[in-house]
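*Asks:* Below you will find the structure I want to go over with you.
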Amino acid sequence: MIKKNDITFQFNVLCQRTKWGEGDSVYTELVYITTDELVSFIIYYYHNDLDKVVIRNLYVDENNREKGIASSIIKSIQQYCKKNNKDLCLWCHKDSWLYDWYKRIGFQYYNIKDENTVWMIFNDL
Ligand SMILES: CC(C)(COP(=O)(O)OP(=O)(O)OC[C@H]1O[C@@H](n2cnc3c(N)ncnc32)[C@H](O)[C@@H]1OP(=O)(O)O)[C@@H](O)C(=O)NCCC(=O)NCCS
């Protein structure tokens, strides 16, 4: 459950699945979606690197954007990671407003993912 001002977002875990990732690593991912299906994101973690949590596919319905919804979700996940001594990672296009926004909210450049995409990390412990 994530709160923003007077609004509470009630998330359900749509599914939880464990898969083989790159190499021999196994990861588990959880797909979160609000009960009204307007907001969703995926969290995953590799079993051999439990100190890191990755968020991907953060999505806010087009009619509900730029109201601070994604900000409050990321903030809640950052707080969870901080409390549990985990690094929060994500990737995005380097030349995008997303990259600038993630930097504003405490993420740092971490590594190149591919030609246009970079990994970022939040580890404000
Ligand atoms: C990315 C996304 C989740 C942001 O959701 P949101 O609820 O609109 O985001 P917020 O309202 O919390 O805004 C976050 C910040 O980004 C800025 N921002 C939001 N949309 C923007 C846009 N289209 N262009 C530039 N800046 C933007 C806001 O001004 C805010 O900055 P601030 O906190 O410094 O004022 C949403 O645009 C989306 O679902 N996009 C499609 C999927 C996607 O690209 N996901 C990202 C995966 S890396």
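Residue numbering restarts at 1 in every chain; chains get A, B, ... in the order shown in the structure tokens, and ligands count up from 1 in that same order.
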Which residues of chain A come within 7 Å of ligand 1, and for each one, what is the closest pair of atoms and their distance in Å to one decimal, counting only C-alpha atoms and all ligand atoms, sorted by chain and residue number, as a tab-separated table?
*Replies:*
residue	atom	partner	partner_atom_place_in_ligand_line	distance
A:Arg56	CA	ligand 1	47 (C)	6.1
A:Asn57	CA	ligand 1	47 (C)	5.0
A:Leu58	CA	ligand 1	45 (N)	4.8
A:Tyr59	CA	ligand 1	39 (O)	3.4
A:Val60	CA	ligand 1	39 (O)	3.8
A:Asp61	CA	ligand 1	39 (O)	6.1
A:Glu62	CA	ligand 1	39 (O)	6.8
A:Asn64	CA	ligand 1	7 (O)	6.7
A:Arg65	CA	ligand 1	8 (O)	3.3
A:Glu66	CA	ligand 1	11 (O)	3.1
A:Lys67	CA	ligand 1	11 (O)	4.2
A:Gly68	CA	ligand 1	12 (O)	3.2
A:Ile69	CA	ligand 1	7 (O)	3.9
A:Ala70	CA	ligand 1	7 (O)	3.8
A:Ser71	CA	ligand 1	12 (O)	3.6
A:Ser72	CA	ligand 1	12 (O)	6.5
A:Trp91	CA	ligand 1	48 (S)	6.1
A:Cys92	CA	ligand 1	48 (S)	4.8
A:Trp97	CA	ligand 1	25 (C)	5.2
A:Leu98	CA	ligand 1	48 (S)	6.7
A:Trp101	CA	ligand 1	16 (O)	5.5
A:Arg104	CA	ligand 1	34 (O)	6.7
*Asks:* Please produce a file of those selected residues containing N, CA and C atoms, as an mmCIF file, in the first residue's frame.
*Replies:*
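Result file part_34.cif:
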data_model
loop_
_atom_site.group_PDB
_atom_site.id
_atom_site.type_symbol
_atom_site.label_atom_id
_atom_site.label_comp_id
_atom_site.auth_asym_id
_atom_site.auth_seq_id
_atom_site.Cartn_x
_atom_site.Cartn_y
_atom_site.Cartn_z
ATOM 1 N N ARG A 56 11.445 -2.209 -12.785
ATOM 2 C CA ARG A 56 11.320 -1.966 -14.228
ATOM 3 C C ARG A 56 9.845 -1.836 -14.605
ATOM 4 N N ASN A 57 9.627 -1.341 -15.799
ATOM 5 C CA ASN A 57 8.262 -1.203 -16.340
ATOM 6 C C ASN A 57 7.325 -0.397 -15.448
ATOM 7 N N LEU A 58 7.889 0.625 -14.802
ATOM 8 C CA LEU A 58 7.004 1.523 -14.048
ATOM 9 C C LEU A 58 6.068 2.201 -15.046
ATOM 10 N N TYR A 59 4.789 2.138 -14.776
ATOM 11 C CA TYR A 59 3.808 2.652 -15.725
ATOM 12 C C TYR A 59 2.679 3.354 -14.981
ATOM 13 N N VAL A 60 2.384 4.573 -15.431
ATOM 14 C CA VAL A 60 1.221 5.312 -14.917
ATOM 15 C C VAL A 60 0.318 5.603 -16.121
ATOM 16 N N ASP A 61 -0.952 5.332 -15.964
ATOM 17 C CA ASP A 61 -1.918 5.572 -17.035
ATOM 18 C C ASP A 61 -1.783 6.996 -17.582
ATOM 19 N N GLU A 62 -1.883 7.146 -18.897
ATOM 20 C CA GLU A 62 -1.638 8.442 -19.550
ATOM 21 C C GLU A 62 -2.456 9.584 -18.957
ATOM 22 N N ASN A 64 -3.288 10.043 -16.002
ATOM 23 C CA ASN A 64 -2.954 10.315 -14.596
ATOM 24 C C ASN A 64 -1.496 10.719 -14.403
ATOM 25 N N ARG A 65 -0.850 11.076 -15.490
ATOM 26 C CA ARG A 65 0.583 11.419 -15.393
ATOM 27 C C ARG A 65 0.805 12.849 -14.914
ATOM 28 N N GLU A 66 2.048 13.077 -14.481
ATOM 29 C CA GLU A 66 2.499 14.395 -14.000
ATOM 30 C C GLU A 66 1.667 14.905 -12.827
ATOM 31 N N LYS A 67 1.252 13.954 -11.980
ATOM 32 C CA LYS A 67 0.556 14.307 -10.738
ATOM 33 C C LYS A 67 1.357 13.813 -9.545
ATOM 34 N N GLY A 68 2.573 13.350 -9.808
ATOM 35 C CA GLY A 68 3.430 12.907 -8.712
ATOM 36 C C GLY A 68 3.238 11.458 -8.300
ATOM 37 N N ILE A 69 2.475 10.693 -9.083
ATOM 38 C CA ILE A 69 2.194 9.303 -8.692
ATOM 39 C C ILE A 69 3.471 8.452 -8.734
ATOM 40 N N ALA A 70 4.188 8.516 -9.862
ATOM 41 C CA ALA A 70 5.423 7.709 -9.969
ATOM 42 C C ALA A 70 6.428 8.131 -8.892
ATOM 43 N N SER A 71 6.489 9.423 -8.621
ATOM 44 C CA SER A 71 7.424 9.908 -7.592
ATOM 45 C C SER A 71 7.126 9.262 -6.245
ATOM 46 N N SER A 72 5.843 9.191 -5.887
ATOM 47 C CA SER A 72 5.540 8.645 -4.562
ATOM 48 C C SER A 72 5.797 7.140 -4.526
ATOM 49 N N TRP A 91 17.057 0.797 -15.085
ATOM 50 C CA TRP A 91 17.742 1.262 -16.282
ATOM 51 C C TRP A 91 16.818 2.191 -17.057
ATOM 52 N N CYS A 92 17.432 3.068 -17.842
ATOM 53 C CA CYS A 92 16.656 4.011 -18.661
ATOM 54 C C CYS A 92 17.551 4.538 -19.780
ATOM 55 N N TRP A 97 14.471 12.572 -20.246
ATOM 56 C CA TRP A 97 14.080 13.295 -19.033
ATOM 57 C C TRP A 97 14.034 12.337 -17.843
ATOM 58 N N LEU A 98 13.817 11.048 -18.139
ATOM 59 C CA LEU A 98 13.778 10.060 -17.053
ATOM 60 C C LEU A 98 15.128 10.005 -16.330
ATOM 61 N N TRP A 101 15.411 12.965 -14.161
ATOM 62 C CA TRP A 101 14.514 12.854 -13.006
ATOM 63 C C TRP A 101 15.088 11.882 -11.970
ATOM 64 N N ARG A 104 17.665 13.494 -10.032
ATOM 65 C CA ARG A 104 17.111 14.456 -9.055
ATOM 66 C C ARG A 104 16.632 13.765 -7.787
#
*Asks:* Going by DSSP on the backbone, which bits of chain A are alpha helix (DSSP H)? Write them as an MDAnalysis selection string, please.
*Replies:* chainID A and resid 69:83 97:104
*Asks:* Write the residues you've just listed into a file as a PDB file, in the first residue's frame, and include N, CA and C atoms for each of them.
*Replies:*
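out.pdb written:
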ATOM      1  N   ILE A  69       2.475  10.693  -9.083  1.00  0.00           N
ATOM      2  CA  ILE A  69       2.194   9.303  -8.692  1.00  0.00           C
ATOM      3  C   ILE A  69       3.471   8.452  -8.734  1.00  0.00           C
ATOM      4  N   ALA A  70       4.188   8.516  -9.862  1.00  0.00           N
ATOM      5  CA  ALA A  70       5.423   7.709  -9.969  1.00  0.00           C
ATOM      6  C   ALA A  70       6.428   8.131  -8.892  1.00  0.00           C
ATOM      7  N   SER A  71       6.489   9.423  -8.621  1.00  0.00           N
ATOM      8  CA  SER A  71       7.424   9.908  -7.592  1.00  0.00           C
ATOM      9  C   SER A  71       7.126   9.262  -6.245  1.00  0.00           C
ATOM     10  N   SER A  72       5.843   9.191  -5.887  1.00  0.00           N
ATOM     11  CA  SER A  72       5.540   8.645  -4.562  1.00  0.00           C
ATOM     12  C   SER A  72       5.797   7.140  -4.526  1.00  0.00           C
ATOM     13  N   ILE A  73       5.600   6.471  -5.660  1.00  0.00           N
ATOM     14  CA  ILE A  73       5.881   5.026  -5.680  1.00  0.00           C
ATOM     15  C   ILE A  73       7.386   4.777  -5.516  1.00  0.00           C
ATOM     16  N   ILE A  74       8.179   5.514  -6.303  1.00  0.00           N
ATOM     17  CA  ILE A  74       9.639   5.328  -6.199  1.00  0.00           C
ATOM     18  C   ILE A  74      10.104   5.663  -4.786  1.00  0.00           C
ATOM     19  N   LYS A  75       9.554   6.731  -4.231  1.00  0.00           N
ATOM     20  CA  LYS A  75       9.963   7.129  -2.875  1.00  0.00           C
ATOM     21  C   LYS A  75       9.687   6.010  -1.870  1.00  0.00           C
ATOM     22  N   SER A  76       8.522   5.398  -1.975  1.00  0.00           N
ATOM     23  CA  SER A  76       8.179   4.308  -1.042  1.00  0.00           C
ATOM     24  C   SER A  76       9.136   3.133  -1.208  1.00  0.00           C
ATOM     25  N   ILE A  77       9.484   2.832  -2.466  1.00  0.00           N
ATOM     26  CA  ILE A  77      10.394   1.697  -2.691  1.00  0.00           C
ATOM     27  C   ILE A  77      11.802   2.063  -2.208  1.00  0.00           C
ATOM     28  N   GLN A  78      12.187   3.314  -2.401  1.00  0.00           N
ATOM     29  CA  GLN A  78      13.489   3.765  -1.880  1.00  0.00           C
ATOM     30  C   GLN A  78      13.529   3.618  -0.361  1.00  0.00           C
ATOM     31  N   GLN A  79      12.444   3.998   0.290  1.00  0.00           N
ATOM     32  CA  GLN A  79      12.394   3.905   1.758  1.00  0.00           C
ATOM     33  C   GLN A  79      12.493   2.447   2.197  1.00  0.00           C
ATOM     34  N   TYR A  80      11.804   1.568   1.465  1.00  0.00           N
ATOM     35  CA  TYR A  80      11.861   0.137   1.782  1.00  0.00           C
ATOM     36  C   TYR A  80      13.306  -0.362   1.653  1.00  0.00           C
ATOM     37  N   CYS A  81      13.959   0.042   0.555  1.00  0.00           N
ATOM     38  CA  CYS A  81      15.327  -0.432   0.299  1.00  0.00           C
ATOM     39  C   CYS A  81      16.292   0.098   1.361  1.00  0.00           C
ATOM     40  N   LYS A  82      16.108   1.351   1.705  1.00  0.00           N
ATOM     41  CA  LYS A  82      16.970   1.971   2.709  1.00  0.00           C
ATOM     42  C   LYS A  82      16.844   1.222   4.041  1.00  0.00           C
ATOM     43  N   LYS A  83      15.600   0.967   4.414  1.00  0.00           N
ATOM     44  CA  LYS A  83      15.324   0.289   5.687  1.00  0.00           C
ATOM     45  C   LYS A  83      15.897  -1.129   5.698  1.00  0.00           C
ATOM     46  N   TRP A  97      14.471  12.572 -20.246  1.00  0.00           N
ATOM     47  CA  TRP A  97      14.080  13.295 -19.033  1.00  0.00           C
ATOM     48  C   TRP A  97      14.034  12.337 -17.843  1.00  0.00           C
ATOM     49  N   LEU A  98      13.817  11.048 -18.139  1.00  0.00           N
ATOM     50  CA  LEU A  98      13.778  10.060 -17.053  1.00  0.00           C
ATOM     51  C   LEU A  98      15.128  10.005 -16.330  1.00  0.00           C
ATOM     52  N   TYR A  99      16.209  10.007 -17.128  1.00  0.00           N
ATOM     53  CA  TYR A  99      17.547   9.965 -16.530  1.00  0.00           C
ATOM     54  C   TYR A  99      17.746  11.158 -15.595  1.00  0.00           C
ATOM     55  N   ASP A 100      17.333  12.339 -16.063  1.00  0.00           N
ATOM     56  CA  ASP A 100      17.481  13.554 -15.243  1.00  0.00           C
ATOM     57  C   ASP A 100      16.609  13.485 -13.986  1.00  0.00           C
ATOM     58  N   TRP A 101      15.411  12.965 -14.161  1.00  0.00           N
ATOM     59  CA  TRP A 101      14.514  12.854 -13.006  1.00  0.00           C
ATOM     60  C   TRP A 101      15.088  11.882 -11.970  1.00  0.00           C
ATOM     61  N   TYR A 102      15.541  10.711 -12.436  1.00  0.00           N
ATOM     62  CA  TYR A 102      16.092   9.746 -11.482  1.00  0.00           C
ATOM     63  C   TYR A 102      17.294  10.343 -10.746  1.00  0.00           C
ATOM     64  N   LYS A 103      18.085  11.131 -11.452  1.00  0.00           N
ATOM     65  CA  LYS A 103      19.220  11.779 -10.772  1.00  0.00           C
ATOM     66  C   LYS A 103      18.722  12.748  -9.697  1.00  0.00           C
ATOM     67  N   ARG A 104      17.665  13.494 -10.032  1.00  0.00           N
ATOM     68  CA  ARG A 104      17.111  14.456  -9.055  1.00  0.00           C
ATOM     69  C   ARG A 104      16.632  13.765  -7.787  1.00  0.00           C
TER      70      ARG A 104
END
*Asks:* Please report as a tab-separated table every residue of segment 25-89 of chain A lying within 12 Å of segment 110-119 of chain A, along with the nearest atom pair and their distance in Å (one decimal), using only C-alpha atoms.
*Replies:*
residue	atom	partner	partner_atom	distance
A:Val54	CA	A:Trp119	CA	9.9
A:Ile55	CA	A:Trp119	CA	11.0
A:Arg56	CA	A:Trp119	CA	11.1
A:Asp87	CA	A:Tyr110	CA	11.3
A:Leu88	CA	A:Trp119	CA	10.5
A:Cys89	CA	A:Trp119	CA	6.9
*Asks:* Those residues you just picked out, can you put them in a file as a CSV table (one decimal), in the first residue's frame with N, CA and C atoms?
*Replies:*
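Listed below is the output, result_31.csv:
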chain,number,residue,atom,x,y,z
A,54,VAL,N,15.7,-4.5,-8.3
A,54,VAL,CA,15.6,-3.8,-9.6
A,54,VAL,C,14.1,-3.5,-9.8
A,55,ILE,N,13.8,-2.2,-10.2
A,55,ILE,CA,12.5,-1.9,-10.6
A,55,ILE,C,12.5,-1.7,-12.1
A,56,ARG,N,11.4,-2.2,-12.8
A,56,ARG,CA,11.3,-2.0,-14.2
A,56,ARG,C,9.8,-1.8,-14.6
A,87,ASP,N,20.2,-2.0,-2.3
A,87,ASP,CA,20.4,-1.1,-3.4
A,87,ASP,C,19.2,-1.2,-4.3
A,88,LEU,N,18.7,0.0,-4.8
A,88,LEU,CA,17.6,0.0,-5.8
A,88,LEU,C,18.2,0.3,-7.1
A,89,CYS,N,18.0,-0.5,-8.1
A,89,CYS,CA,18.5,-0.3,-9.4
A,89,CYS,C,17.4,-0.2,-10.5
*Asks:* Have a look at A:Leu38, A:Met120, A:Leu50, A:Val31 and name the one nearest to Asn63 of chain A; count only C-alpha atoms.
*Replies:*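 Of A:Leu38, A:Met120, A:Leu50, A:Val31, the one nearest Asn63 of chain A is A:Leu38, counting only C-alpha atoms.
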*Asks:* How far is it from atom CA of Phe107 of chain A to atom CA of Ile121 of chain A, in Å with one decimal?
*Replies:*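 Calculated distance between atom CA of Phe107 of chain A and atom CA of Ile121 of chain A is 5.1 Å.
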*Asks:* To test your reading of the structure, identify every residue in chain A that backbone DSSP assigns to strand (DSSP E or B), and report it as number ranges by chain.
*Replies:* A: 2-4, 7-9, 11-20, 26-34, 39-46, 52-60, 87-93, 108-114, 117-122
*Asks:* How far is it from atom CA of Trp20 of chain A to atom CA of Gln108 of chain A, in Å with one decimal?
*Replies:*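 That distance, rounded to one decimal, is 27.4 Å.
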*Asks:* Quick one, how far is atom CA of Gly21 of chain A from atom CA of Asp51 of chain A?
*Replies:* 16.8 Å
